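Q: This one is input_21.pdb, PDB, C-alpha atoms.
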ATOM      1  CA  MET A   1     -10.847  -2.594   8.234
ATOM      2  CA  ALA A   2      -7.782  -0.635   9.320
ATOM      3  CA  ALA A   3      -5.477  -3.545   8.500
ATOM      4  CA  LEU A   4      -6.957  -3.844   5.006
ATOM      5  CA  TYR A   5      -6.593  -0.108   4.367
ATOM      6  CA  THR A   6      -3.003  -0.210   5.588
ATOM      7  CA  ASP A   7      -2.053  -3.136   3.352
ATOM      8  CA  ALA A   8      -3.705  -1.533   0.320
ATOM      9  CA  LEU A   9      -1.846   1.737   0.959
ATOM     10  CA  ARG A  10       1.458  -0.110   1.364
ATOM     11  CA  ALA A  11       0.942  -1.850  -1.969
ATOM     12  CA  GLU A  12       0.093   1.447  -3.702
ATOM     13  CA  ILE A  13       3.170   3.151  -2.233
ATOM     14  CA  LEU A  14       5.400   0.275  -3.373
ATOM     15  CA  GLU A  15       3.907   0.458  -6.875
ATOM     16  CA  ASN A  16       4.695   4.178  -6.882
ATOM     17  CA  GLN A  17       8.318   3.223  -6.224
ATOM     18  CA  GLY A  18       8.511   0.777  -9.133
ATOM     19  CA  TYR A  19       7.381  -2.509  -7.610
ATOM     20  CA  ARG A  20       4.779  -4.889  -9.004
ATOM     21  CA  THR A  21       2.776  -5.954  -5.964
ATOM     22  CA  GLN A  22       0.419  -8.740  -4.974
ATOM     23  CA  ILE A  23      -1.506  -9.062  -1.725
ATOM     24  CA  LEU A  24      -1.854 -12.734  -0.845
ATOM     25  CA  GLU A  25      -4.088 -14.366   1.746
ATOM     26  CA  PHE A  26      -2.632 -17.452   3.484
ATOM     27  CA  ILE A  27      -5.630 -18.625   5.505
ATOM     28  CA  ASP A  28      -9.295 -17.671   5.263
ATOM     29  CA  MET A  29     -10.062 -14.379   7.046
ATOM     30  CA  GLU A  30     -12.603 -16.065   9.334
ATOM     31  CA  HIS A  31      -9.726 -17.921  11.054
ATOM     32  CA  THR A  32      -7.254 -15.064  11.458
ATOM     33  CA  PRO A  33      -7.573 -11.450  10.283
ATOM     34  CA  LYS A  34      -3.837 -10.724   9.975
ATOM     35  CA  ASN A  35      -2.631 -13.253   7.451
ATOM     36  CA  LEU A  36      -1.866 -11.116   4.409
ATOM     37  CA  LEU A  37       1.467 -10.997   2.623
ATOM     38  CA  ILE A  38       2.477  -8.139   0.352
ATOM     39  CA  ARG A  39       4.813  -9.488  -2.289
ATOM     40  CA  GLY A  40       6.742  -6.934  -4.309
ATOM     41  CA  VAL A  41       9.000  -7.469  -7.307
ATOM     42  CA  LYS A  42      11.135  -4.543  -8.452
ATOM     43  CA  GLN A  43      10.167  -3.676 -12.029
ATOM     44  CA  GLY A  44      11.808  -0.275 -12.341
ATOM     45  CA  LYS A  45       8.764   1.368 -13.943
ATOM     46  CA  LYS A  46       7.177   3.620 -11.344
ATOM     47  CA  LYS A  47       3.403   3.975 -11.232
ATOM     48  CA  ASP A  48       2.171   7.566 -11.423
ATOM     49  CA  ASN A  49      -0.379   7.258  -8.615
ATOM     50  CA  ILE A  50       0.884   9.874  -6.154
ATOM     51  CA  ARG A  51      -2.291  11.987  -6.406
ATOM     52  CA  ASP A  52      -4.463   8.938  -5.660
ATOM     53  CA  ILE A  53      -2.314   8.059  -2.650
ATOM     54  CA  GLU A  54      -2.459  11.624  -1.352
ATOM     55  CA  LYS A  55      -6.266  11.666  -1.676
ATOM     56  CA  ILE A  56      -6.556   8.401   0.259
ATOM     57  CA  LEU A  57      -4.198   9.614   2.985
ATOM     58  CA  GLU A  58      -6.171  12.842   3.312
ATOM     59  CA  PHE A  59      -9.540  11.060   3.335
ATOM     60  CA  LEU A  60      -8.428   8.596   6.026
ATOM     61  CA  ASP A  61      -6.489  11.321   7.887
ATOM     62  CA  VAL A  62      -3.424   9.092   8.299
ATOM     63  CA  LYS A  63       0.320   9.601   7.931
ATOM     64  CA  PRO A  64       1.928   6.169   7.531
ATOM     65  CA  THR A  65       5.680   5.953   8.073
ATOM     66  CA  LEU A  66       6.209   4.169   4.744
ATOM     67  CA  ALA A  67       4.665   7.100   2.888
ATOM     68  CA  GLY A  68       6.887   9.539   4.750
ATOM     69  CA  LEU A  69      10.006   7.522   3.977
ATOM     70  CA  LEU A  70       9.389   6.730   0.313
ATOM     71  CA  LEU A  71       7.209   9.434  -1.190
ATOM     72  CA  ASN A  72       8.611  12.803  -2.178
ATOM     73  CA  SER A  73       6.338  14.967  -0.083
ATOM     74  CA  GLU A  74       6.753  18.630   0.739
ATOM     75  CA  GLU A  75       5.427  18.174   4.296
TER
END
Write the structure described by the file as structure tokens, please.
A:
Amino acid sequence: MAALYTDALRAEILENQGYRTQILEFIDMEHTPKNLLIRGVKQGKKKDNIRDIEKILEFLDVKPTLAGLLLNSEE
């Protein structure tokens, strides 16, 4: 489950930065659990989802590096 949460958070953070994202599965999960690709295309229009991301980070009690690098946080 941790890998799925991480990929979902990465996609949300990229959307916050103006990317349109897709999470693609190459091979069925029963064969290999780590086969997801996050594809991002720069659109320029940032998604206003920072509060949702912050709630998820707080709920999961995680501090991913990508969030620290890309989000404007006061921490």
Q: Which is closest to Leu9 (chain A) among A:Asp61, A:Glu25, A:Ile53, A:Gly68, if we use all atoms listed in the file?
A: A:Ile53
Q: List the spatial neighbours of Leu24 (chain A) as a ChimeraX atom specification - criterion: any atom at most 10 Å away, all atoms listed in the file, same-chain residues fewer than 4 positions off excluded.
A: /A:35-39
Q: Keeping C-alpha atoms, export the residues of the selection given above as an mmCIF file, in the frame of the given file.
A:
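Full text of selection09.cif as output:
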data_model
loop_
_atom_site.group_PDB
_atom_site.id
_atom_site.type_symbol
_atom_site.label_atom_id
_atom_site.label_comp_id
_atom_site.auth_asym_id
_atom_site.auth_seq_id
_atom_site.Cartn_x
_atom_site.Cartn_y
_atom_site.Cartn_z
ATOM 1 C CA ASN A 35 -2.631 -13.253 7.451
ATOM 2 C CA LEU A 36 -1.866 -11.116 4.409
ATOM 3 C CA LEU A 37 1.467 -10.997 2.623
ATOM 4 C CA ILE A 38 2.477 -8.139 0.352
ATOM 5 C CA ARG A 39 4.813 -9.488 -2.289
#
Q: Which residues, named as in the file, does the PyMOL selection byres ((chain A and resi 2-5) around 9) pick out? Answer as a list in words.
A: Met1, Thr6, Asp7, Ala8, Leu9, Arg10, Pro33, Lys34 and Leu36 of chain A
Q: To one decimal in Å, tell me the separation between CA of Gln17 (chain A) and CA of Leu70 (chain A).
A: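 CA of Gln17 (chain A) sits 7.5 Å away from CA of Leu70 (chain A).
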Q: On this structure, the PyMOL selection byres ((chain A and resi 50) around 12) would catch which residues? List them as a list in words, sorted by chain and number.
A: Leu9, Glu12, Ile13, Leu14, Glu15, Asn16, Gln17, Lys46, Lys47, Asp48, Asn49, Arg51, Asp52, Ile53, Glu54, Lys55, Ile56, Leu57, Ala67, Leu70, Leu71, Asn72 and Ser73 of chain A
Q: Would you save the residues of that selection, restricted to C-alpha atoms, as a PDB file, in the coordinates of the input?
A:
ATOM      1  CA  LEU A   9      -1.846   1.737   0.959  1.00  0.00           C
ATOM      2  CA  GLU A  12       0.093   1.447  -3.702  1.00  0.00           C
ATOM      3  CA  ILE A  13       3.170   3.151  -2.233  1.00  0.00           C
ATOM      4  CA  LEU A  14       5.400   0.275  -3.373  1.00  0.00           C
ATOM      5  CA  GLU A  15       3.907   0.458  -6.875  1.00  0.00           C
ATOM      6  CA  ASN A  16       4.695   4.178  -6.882  1.00  0.00           C
ATOM      7  CA  GLN A  17       8.318   3.223  -6.224  1.00  0.00           C
ATOM      8  CA  LYS A  46       7.177   3.620 -11.344  1.00  0.00           C
ATOM      9  CA  LYS A  47       3.403   3.975 -11.232  1.00  0.00           C
ATOM     10  CA  ASP A  48       2.171   7.566 -11.423  1.00  0.00           C
ATOM     11  CA  ASN A  49      -0.379   7.258  -8.615  1.00  0.00           C
ATOM     12  CA  ARG A  51      -2.291  11.987  -6.406  1.00  0.00           C
ATOM     13  CA  ASP A  52      -4.463   8.938  -5.660  1.00  0.00           C
ATOM     14  CA  ILE A  53      -2.314   8.059  -2.650  1.00  0.00           C
ATOM     15  CA  GLU A  54      -2.459  11.624  -1.352  1.00  0.00           C
ATOM     16  CA  LYS A  55      -6.266  11.666  -1.676  1.00  0.00           C
ATOM     17  CA  ILE A  56      -6.556   8.401   0.259  1.00  0.00           C
ATOM     18  CA  LEU A  57      -4.198   9.614   2.985  1.00  0.00           C
ATOM     19  CA  ALA A  67       4.665   7.100   2.888  1.00  0.00           C
ATOM     20  CA  LEU A  70       9.389   6.730   0.313  1.00  0.00           C
ATOM     21  CA  LEU A  71       7.209   9.434  -1.190  1.00  0.00           C
ATOM     22  CA  ASN A  72       8.611  12.803  -2.178  1.00  0.00           C
ATOM     23  CA  SER A  73       6.338  14.967  -0.083  1.00  0.00           C
TER      24      SER A  73
END
Q: With 3 Å on each side, where is the centre of the axis-aligned box around all listed atoms of region 54-65 of chain A, and how long are its edges in Å to one decimal, as AutoDock Vina command-line options?
A:
--center_x -1.9 --center_y 9.4 --center_z 3.3 --size_x 21.2 --size_y 12.9 --size_z 16.0
Q: At what distance in Å, to one decimal, does CA of Val41 (chain A) lie from CA of Ile27 (chain A)?
A: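 According to the coordinates, CA of Ile27 (chain A) and CA of Val41 (chain A) are separated by 22.4 Å.
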Q: Distance CA of His31 (chain A)-CA of Thr65 (chain A), one decimal place?
A: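 A separation of 28.6 Å between them.
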Q: With distances taken over all atoms listed in the file, which residue among A:Glu58, A:Gln43, A:Leu66, A:Thr32 lies nearest Ala11 (chain A)?
A: A:Leu66
